$ cat query_32.cif   # mmCIF, C-alpha atoms
data_structure
loop_
_atom_site.label_atom_id
_atom_site.label_comp_id
_atom_site.auth_asym_id
_atom_site.auth_seq_id
_atom_site.Cartn_x
_atom_site.Cartn_y
_atom_site.Cartn_z
CA MET A 701 18.41 -37.25 14.16
CA GLN A 702 19.61 -39.78 11.67
CA LEU A 703 19.51 -42.66 14.18
CA LEU A 704 15.95 -41.76 15.17
CA TRP A 705 14.96 -41.59 11.51
CA GLN A 706 16.56 -44.99 10.82
CA GLU A 707 14.58 -46.50 13.70
CA TYR A 708 11.44 -44.82 12.37
CA ARG A 709 12.05 -46.23 8.86
CA GLU A 710 12.57 -49.73 10.23
CA ALA A 711 9.12 -49.52 11.81
CA ASN A 712 7.63 -47.61 8.82
CA PRO A 713 9.36 -48.73 5.60
CA ASN A 714 7.17 -46.47 3.44
CA GLY A 715 7.49 -43.50 5.79
CA TYR A 716 9.08 -40.08 5.27
CA ARG A 717 12.48 -39.69 3.70
CA TYR A 718 15.22 -38.27 5.92
CA SER A 719 15.08 -34.73 4.50
CA ARG A 720 11.29 -34.54 4.96
CA ASP A 721 11.59 -35.93 8.49
CA CYS A 722 14.15 -33.23 9.35
CA GLU A 723 11.95 -30.53 7.85
CA LEU A 724 8.93 -31.66 9.86
CA TYR A 725 11.00 -31.91 13.02
CA GLN A 726 12.36 -28.35 12.61
CA ARG A 727 8.83 -27.03 12.06
CA TRP A 728 7.63 -28.84 15.21
CA ARG A 729 10.64 -27.67 17.26
CA LYS A 730 10.03 -23.99 16.45
CA LYS A 731 6.60 -24.28 18.07
CA GLN A 732 7.95 -25.74 21.31
CA ASP A 733 8.44 -23.61 24.41
CA VAL A 734 11.95 -24.49 25.57
CA VAL A 735 11.65 -24.36 29.36
CA MET A 736 13.36 -26.61 31.84
CA ARG A 737 10.99 -27.42 34.66
CA GLN A 738 12.66 -28.14 37.96
CA GLN A 739 11.05 -29.74 40.97
CA HIS A 740 12.25 -28.35 44.29
CA THR A 741 11.59 -29.80 47.72
CA PRO A 742 10.65 -27.11 50.27
CA GLY A 743 13.64 -26.09 52.37
CA GLU A 744 16.09 -28.03 50.22
CA LYS A 745 17.87 -25.34 48.17
CA ALA A 746 18.53 -21.64 48.21
CA PHE A 747 19.98 -20.08 45.06
CA ILE A 748 22.37 -17.29 45.96
CA ASP A 749 24.39 -14.73 44.03
CA TRP A 750 25.37 -11.11 43.57
CA ALA A 751 22.96 -9.54 41.08
CA GLY A 752 24.53 -7.80 38.11
CA ALA A 753 25.97 -4.31 38.21
CA THR A 754 26.42 -2.19 41.32
CA PHE A 755 24.01 0.54 42.38
CA PRO A 756 24.96 4.13 43.17
CA ILE A 757 24.13 5.23 46.72
CA HIS A 758 23.98 8.99 47.17
CA ASP A 759 24.73 10.49 50.57
CA ARG A 760 22.61 13.63 50.74
CA HIS A 761 24.66 15.10 53.59
CA SER A 762 28.11 14.83 52.00
CA ASN A 763 27.04 14.64 48.35
CA THR A 764 29.28 11.60 47.91
CA VAL A 765 28.33 8.62 45.81
CA ARG A 766 29.46 5.08 46.52
CA GLN A 767 28.60 1.84 44.79
CA ALA A 768 26.65 -0.95 46.50
CA SER A 769 26.24 -4.59 45.48
CA LEU A 770 22.92 -6.42 45.47
CA PHE A 771 22.87 -9.81 47.20
CA VAL A 772 19.93 -12.03 46.21
CA ALA A 773 18.90 -15.32 47.80
CA VAL A 774 15.89 -17.31 46.55
CA LEU A 775 14.34 -20.46 48.00
CA GLY A 776 13.89 -23.04 45.23
CA ALA A 777 10.43 -24.39 46.01
CA SER A 778 8.63 -21.15 46.87
CA SER A 779 10.79 -18.52 45.15
CA TYR A 780 10.65 -16.66 48.48
CA THR A 781 13.31 -14.01 47.92
CA ASP A 782 15.61 -12.04 50.19
CA ALA A 783 17.65 -9.22 48.70
CA GLU A 784 19.87 -6.60 50.27
CA LEU A 785 22.40 -4.01 49.27
CA THR A 786 25.90 -4.49 50.65
CA ARG A 787 28.97 -2.26 50.73
CA ASP A 788 30.98 -4.66 48.58
CA GLN A 789 31.26 -8.25 47.43
CA GLN A 790 33.79 -9.30 50.03
CA MET A 791 33.50 -12.35 52.30
CA GLU A 792 32.25 -10.39 55.32
CA SER A 793 29.34 -8.97 53.30
CA TRP A 794 28.64 -12.39 51.76
CA ILE A 795 28.43 -14.10 55.16
CA ARG A 796 26.37 -11.31 56.77
CA ALA A 797 23.91 -11.34 53.86
CA HIS A 798 23.48 -15.11 54.27
CA GLU A 799 22.79 -14.69 57.98
CA ASN A 800 20.23 -11.98 57.20
CA ALA A 801 18.53 -14.22 54.60
CA PHE A 802 18.33 -17.10 57.07
CA ALA A 803 16.81 -14.76 59.68
CA PHE A 804 14.35 -13.42 57.09
CA TRP A 805 13.26 -16.95 56.14
CA GLY A 806 13.22 -18.15 59.73
CA GLY A 807 15.47 -21.10 58.93
CA VAL A 808 18.42 -22.49 57.01
CA PRO A 809 18.08 -24.44 53.73
CA ALA A 810 19.72 -27.84 53.39
CA LEU A 811 21.88 -26.53 50.52
CA THR A 812 22.95 -23.19 49.12
CA VAL A 813 23.69 -22.99 45.44
CA PRO A 814 25.84 -19.95 44.68
CA ASP A 815 26.30 -19.17 41.00
CA ASN A 816 30.09 -19.74 41.10
CA THR A 817 30.66 -16.33 42.60
CA LYS A 818 34.28 -15.62 43.47
CA THR A 819 33.25 -14.85 47.03
CA GLY A 820 31.89 -18.33 47.79
CA VAL A 821 33.82 -20.45 45.28
CA THR A 822 37.59 -20.40 44.81
CA LYS A 823 37.59 -22.57 41.66
CA ALA A 824 34.51 -22.67 39.46
CA CYS A 825 33.34 -26.02 38.14
CA ARG A 826 29.84 -27.06 37.11
CA TYR A 827 30.01 -30.41 38.91
CA ASP A 828 32.60 -30.07 41.67
CA PRO A 829 33.55 -26.49 42.54
CA ASP A 830 36.16 -25.69 45.19
CA VAL A 831 34.35 -23.88 47.96
CA ASN A 832 36.08 -20.99 49.72
CA PRO A 833 37.30 -22.36 53.11
CA THR A 834 35.63 -19.53 55.06
CA TYR A 835 32.34 -20.23 53.29
CA GLN A 836 32.72 -23.97 53.92
CA ASN A 837 33.31 -23.34 57.65
CA PHE A 838 30.26 -21.07 57.69
CA ALA A 839 28.23 -23.86 56.05
CA VAL A 840 29.41 -26.39 58.63
CA HIS A 841 28.54 -23.97 61.46
CA TYR A 842 25.00 -23.46 60.15
CA GLY A 843 24.58 -27.07 59.03
CA PHE A 844 23.97 -26.61 55.32
CA GLY A 845 25.81 -27.74 52.21
CA GLY A 846 27.57 -24.96 50.32
CA ALA A 847 27.93 -24.77 46.54
CA GLY A 848 25.88 -27.91 46.07
CA GLN A 849 28.20 -30.00 48.24
CA THR A 850 26.97 -31.90 51.24
CA VAL A 851 28.34 -31.14 54.67
CA PRO A 852 29.27 -34.12 56.86
CA ALA A 853 27.18 -34.52 59.98
CA THR A 854 28.97 -33.44 63.16
#
$ encode --input "query_32.cif" --output "structure tokens"
Amino acid sequence: MQLLWQEYREANPNGYRYSRDCELYQRWRKKQDVVMRQQHTPGEKAFIDWAGATFPIHDRHSNTVRQASLFVAVLGASSYTDAELTRDQQMESWIRAHENAFAFWGGVPALTVPDNTKTGVTKACRYDPDVNPTYQNFAVHYGFGGAGQTVPAT
């Protein structure tokens, strides 16, 4: 803020003092809608994760209740969404849910972007996560990049 104000004062020697400039800036900032707009190319990215808490599934025949996880996959450009309940959050469910999403969409995105879920990522990192080897092999098989990483052409 101070550097911007100094540049402003160089161009406007009789302009606002620093405290007034800060006050006006804060007033302006409160009126701004803070939204990050992202441009997505069709077919480029699918955002994938387990959604929140588990859901109770009631078996009316045995009166038992088990918990199910919600898998959600969303295409970036269209927000076309696939969601399904799975038995658990294990690798087999993760892979099967991906296959079902690809079938639902009728294709495979160039990249999947999981939200650092423990199923797909062994070590979380914003810029260079370690992808689970099973998930990486799955990505190579289907020809997409997993966890934001590119897959070498084979």
$ residues_around --input "query_32.cif" --residues "Arg720 (chain A)" --least-positions-apart "5" --cutoff "12 Å" --atoms "only C-alpha atoms" --output "list in words"
Met701, Gln702, Trp705, Gly715, Tyr725, Gln726 and Arg727 of chain A
$ resolve_selection --input "query_32.cif" --expression "the PyMOL selection byres ((chain A and resi 790) around 12)" --output "PyMOL selection string"
chain A and resi 750+768-769+771+786-789+791-797+817-820+832+834-835
$ atom_distance --input "query_32.cif" --atom1 "CA of Asp815 (chain A)" --atom2 "CA of Phe747 (chain A)"
7.6 Å
$ resolve_selection --input "query_32.cif" --expression "the PyMOL selection byres ((chain A and resi 810) around 7)" --output "PyMOL selection string"
chain A and resi 743-745+808-809+811+844-845
$ atom_distance --input "query_32.cif" --atom1 "CA of Leu775 (chain A)" --atom2 "CA of Thr812 (chain A)"
9.1 Å
$ resolve_selection --input "query_32.cif" --expression "the PyMOL selection byres ((chain A and resi 778) around 12)" --output "ChimeraX atom specification"
/A:739-747,773-777,779-782,805
$ atom_distance --input "query_32.cif" --atom1 "CA of Val813 (chain A)" --atom2 "CA of Val735 (chain A)"
20.1 Å
$ closest_residue --input "query_32.cif" --among "A:Lys730, A:Leu785, A:Thr764, A:Gly843" --to "Phe802 (chain A)" --atoms "only C-alpha atoms"
A:Gly843
$ residues_around --input "query_32.cif" --residues "Arg717 (chain A)" --least-positions-apart "4" --cutoff "12 Å" --atoms "all atoms listed in the file" --output "number ranges by chain"
A: 702, 705-706, 708-710, 712-713, 721-724
$ decode --input "query_32.cif" --residues "region 724-842 of chain A" --atoms "C-alpha atoms" --output "PDB file, in the first residue's frame"
ATOM      1  CA  LEU A 724     -10.479   5.410   0.710  1.00  0.00           C
ATOM      2  CA  TYR A 725      -8.942   2.132  -0.392  1.00  0.00           C
ATOM      3  CA  GLN A 726     -10.577   0.206   2.489  1.00  0.00           C
ATOM      4  CA  ARG A 727     -13.953   1.770   1.664  1.00  0.00           C
ATOM      5  CA  TRP A 728     -13.539   0.780  -2.012  1.00  0.00           C
ATOM      6  CA  ARG A 729     -12.368  -2.754  -1.131  1.00  0.00           C
ATOM      7  CA  LYS A 730     -15.431  -3.465   1.019  1.00  0.00           C
ATOM      8  CA  LYS A 731     -17.624  -2.877  -2.033  1.00  0.00           C
ATOM      9  CA  GLN A 732     -15.703  -5.331  -4.215  1.00  0.00           C
ATOM     10  CA  ASP A 733     -16.989  -8.839  -4.867  1.00  0.00           C
ATOM     11  CA  VAL A 734     -13.964 -11.046  -4.221  1.00  0.00           C
ATOM     12  CA  VAL A 735     -14.347 -13.809  -6.799  1.00  0.00           C
ATOM     13  CA  MET A 736     -11.595 -15.517  -8.706  1.00  0.00           C
ATOM     14  CA  ARG A 737     -12.709 -16.126 -12.262  1.00  0.00           C
ATOM     15  CA  GLN A 738     -11.104 -19.114 -13.922  1.00  0.00           C
ATOM     16  CA  GLN A 739     -11.126 -19.877 -17.608  1.00  0.00           C
ATOM     17  CA  HIS A 740     -11.378 -23.584 -18.420  1.00  0.00           C
ATOM     18  CA  THR A 741     -10.867 -25.199 -21.798  1.00  0.00           C
ATOM     19  CA  PRO A 742     -13.516 -27.838 -22.553  1.00  0.00           C
ATOM     20  CA  GLY A 743     -12.249 -31.338 -21.790  1.00  0.00           C
ATOM     21  CA  GLU A 744      -9.111 -30.063 -20.096  1.00  0.00           C
ATOM     22  CA  LYS A 745      -9.787 -30.580 -16.369  1.00  0.00           C
ATOM     23  CA  ALA A 746     -12.020 -32.563 -14.081  1.00  0.00           C
ATOM     24  CA  PHE A 747     -12.082 -31.583 -10.410  1.00  0.00           C
ATOM     25  CA  ILE A 748     -12.484 -34.666  -8.246  1.00  0.00           C
ATOM     26  CA  ASP A 749     -12.906 -35.327  -4.534  1.00  0.00           C
ATOM     27  CA  TRP A 750     -14.842 -37.052  -1.793  1.00  0.00           C
ATOM     28  CA  ALA A 751     -17.580 -34.692  -0.617  1.00  0.00           C
ATOM     29  CA  GLY A 752     -17.701 -33.992   3.094  1.00  0.00           C
ATOM     30  CA  ALA A 753     -19.244 -36.312   5.651  1.00  0.00           C
ATOM     31  CA  THR A 754     -20.537 -39.804   4.971  1.00  0.00           C
ATOM     32  CA  PHE A 755     -24.207 -40.628   4.421  1.00  0.00           C
ATOM     33  CA  PRO A 756     -26.173 -43.266   6.311  1.00  0.00           C
ATOM     34  CA  ILE A 757     -27.620 -46.011   4.111  1.00  0.00           C
ATOM     35  CA  HIS A 758     -30.465 -47.934   5.721  1.00  0.00           C
ATOM     36  CA  ASP A 759     -31.116 -51.528   4.683  1.00  0.00           C
ATOM     37  CA  ARG A 760     -34.856 -51.994   5.097  1.00  0.00           C
ATOM     38  CA  HIS A 761     -34.578 -55.793   5.097  1.00  0.00           C
ATOM     39  CA  SER A 762     -31.974 -56.171   7.844  1.00  0.00           C
ATOM     40  CA  ASN A 763     -32.482 -52.813   9.575  1.00  0.00           C
ATOM     41  CA  THR A 764     -28.727 -52.240   9.455  1.00  0.00           C
ATOM     42  CA  VAL A 765     -27.170 -48.886   8.753  1.00  0.00           C
ATOM     43  CA  ARG A 766     -23.842 -48.402   7.016  1.00  0.00           C
ATOM     44  CA  GLN A 767     -22.040 -45.257   5.987  1.00  0.00           C
ATOM     45  CA  ALA A 768     -21.402 -44.356   2.338  1.00  0.00           C
ATOM     46  CA  SER A 769     -19.021 -41.789   0.861  1.00  0.00           C
ATOM     47  CA  LEU A 770     -19.977 -39.349  -1.876  1.00  0.00           C
ATOM     48  CA  PHE A 771     -17.595 -39.134  -4.835  1.00  0.00           C
ATOM     49  CA  VAL A 772     -17.981 -35.974  -6.929  1.00  0.00           C
ATOM     50  CA  ALA A 773     -16.339 -35.217 -10.278  1.00  0.00           C
ATOM     51  CA  VAL A 774     -16.940 -31.926 -12.112  1.00  0.00           C
ATOM     52  CA  LEU A 775     -15.749 -30.867 -15.567  1.00  0.00           C
ATOM     53  CA  GLY A 776     -14.125 -27.432 -15.346  1.00  0.00           C
ATOM     54  CA  ALA A 777     -15.546 -25.728 -18.434  1.00  0.00           C
ATOM     55  CA  SER A 778     -19.158 -26.921 -18.245  1.00  0.00           C
ATOM     56  CA  SER A 779     -19.541 -27.841 -14.562  1.00  0.00           C
ATOM     57  CA  TYR A 780     -21.055 -31.100 -15.846  1.00  0.00           C
ATOM     58  CA  THR A 781     -21.141 -33.150 -12.650  1.00  0.00           C
ATOM     59  CA  ASP A 782     -21.030 -36.850 -11.873  1.00  0.00           C
ATOM     60  CA  ALA A 783     -21.643 -37.968  -8.312  1.00  0.00           C
ATOM     61  CA  GLU A 784     -22.052 -41.388  -6.770  1.00  0.00           C
ATOM     62  CA  LEU A 785     -22.173 -43.020  -3.385  1.00  0.00           C
ATOM     63  CA  THR A 786     -19.444 -45.561  -2.673  1.00  0.00           C
ATOM     64  CA  ARG A 787     -18.948 -48.107   0.101  1.00  0.00           C
ATOM     65  CA  ASP A 788     -15.780 -46.414   1.326  1.00  0.00           C
ATOM     66  CA  GLN A 789     -12.957 -44.097   0.333  1.00  0.00           C
ATOM     67  CA  GLN A 790     -10.511 -46.833  -0.577  1.00  0.00           C
ATOM     68  CA  MET A 791      -8.550 -47.053  -3.840  1.00  0.00           C
ATOM     69  CA  GLU A 792     -10.902 -49.578  -5.460  1.00  0.00           C
ATOM     70  CA  SER A 793     -13.888 -47.265  -4.935  1.00  0.00           C
ATOM     71  CA  TRP A 794     -11.853 -44.249  -6.110  1.00  0.00           C
ATOM     72  CA  ILE A 795     -10.835 -45.957  -9.366  1.00  0.00           C
ATOM     73  CA  ARG A 796     -14.312 -47.389 -10.054  1.00  0.00           C
ATOM     74  CA  ALA A 797     -15.917 -43.978  -9.469  1.00  0.00           C
ATOM     75  CA  HIS A 798     -13.491 -42.416 -11.966  1.00  0.00           C
ATOM     76  CA  GLU A 799     -14.354 -45.061 -14.552  1.00  0.00           C
ATOM     77  CA  ASN A 800     -18.061 -44.411 -13.982  1.00  0.00           C
ATOM     78  CA  ALA A 801     -17.548 -40.638 -14.359  1.00  0.00           C
ATOM     79  CA  PHE A 802     -15.647 -41.132 -17.621  1.00  0.00           C
ATOM     80  CA  ALA A 803     -18.451 -43.376 -18.913  1.00  0.00           C
ATOM     81  CA  PHE A 804     -21.062 -40.824 -17.817  1.00  0.00           C
ATOM     82  CA  TRP A 805     -19.229 -38.015 -19.643  1.00  0.00           C
ATOM     83  CA  GLY A 806     -18.466 -40.170 -22.660  1.00  0.00           C
ATOM     84  CA  GLY A 807     -14.756 -39.366 -22.494  1.00  0.00           C
ATOM     85  CA  VAL A 808     -11.680 -38.751 -20.386  1.00  0.00           C
ATOM     86  CA  PRO A 809     -10.424 -35.262 -19.444  1.00  0.00           C
ATOM     87  CA  ALA A 810      -6.823 -34.310 -20.129  1.00  0.00           C
ATOM     88  CA  LEU A 811      -6.219 -33.784 -16.390  1.00  0.00           C
ATOM     89  CA  THR A 812      -7.876 -34.726 -13.139  1.00  0.00           C
ATOM     90  CA  VAL A 813      -7.430 -32.406 -10.206  1.00  0.00           C
ATOM     91  CA  PRO A 814      -8.135 -34.227  -6.944  1.00  0.00           C
ATOM     92  CA  ASP A 815      -8.300 -32.030  -3.864  1.00  0.00           C
ATOM     93  CA  ASN A 816      -5.285 -33.704  -2.203  1.00  0.00           C
ATOM     94  CA  THR A 817      -7.402 -36.614  -1.083  1.00  0.00           C
ATOM     95  CA  LYS A 818      -5.441 -39.353   0.666  1.00  0.00           C
ATOM     96  CA  THR A 819      -6.789 -41.867  -1.830  1.00  0.00           C
ATOM     97  CA  GLY A 820      -5.218 -40.239  -4.893  1.00  0.00           C
ATOM     98  CA  VAL A 821      -2.298 -38.363  -3.335  1.00  0.00           C
ATOM     99  CA  THR A 822       0.273 -39.879  -0.980  1.00  0.00           C
ATOM    100  CA  LYS A 823       1.919 -36.545  -0.052  1.00  0.00           C
ATOM    101  CA  ALA A 824      -0.084 -33.344  -0.308  1.00  0.00           C
ATOM    102  CA  CYS A 825       1.579 -30.298  -1.841  1.00  0.00           C
ATOM    103  CA  ARG A 826      -0.048 -27.357  -3.585  1.00  0.00           C
ATOM    104  CA  TYR A 827       2.455 -27.317  -6.451  1.00  0.00           C
ATOM    105  CA  ASP A 828       3.926 -30.812  -6.705  1.00  0.00           C
ATOM    106  CA  PRO A 829       1.962 -33.513  -4.865  1.00  0.00           C
ATOM    107  CA  ASP A 830       3.119 -37.133  -4.787  1.00  0.00           C
ATOM    108  CA  VAL A 831       0.497 -39.125  -6.631  1.00  0.00           C
ATOM    109  CA  ASN A 832      -0.453 -42.569  -5.331  1.00  0.00           C
ATOM    110  CA  PRO A 833       1.306 -45.113  -7.634  1.00  0.00           C
ATOM    111  CA  THR A 834      -1.940 -47.010  -8.312  1.00  0.00           C
ATOM    112  CA  TYR A 835      -3.661 -43.767  -9.281  1.00  0.00           C
ATOM    113  CA  GLN A 836      -0.700 -42.777 -11.467  1.00  0.00           C
ATOM    114  CA  ASN A 837      -0.832 -46.150 -13.272  1.00  0.00           C
ATOM    115  CA  PHE A 838      -4.581 -45.686 -13.735  1.00  0.00           C
ATOM    116  CA  ALA A 839      -3.919 -42.230 -15.222  1.00  0.00           C
ATOM    117  CA  VAL A 840      -1.329 -43.636 -17.622  1.00  0.00           C
ATOM    118  CA  HIS A 841      -3.740 -46.405 -18.674  1.00  0.00           C
ATOM    119  CA  TYR A 842      -6.521 -43.905 -19.437  1.00  0.00           C
TER     120      TYR A 842
END
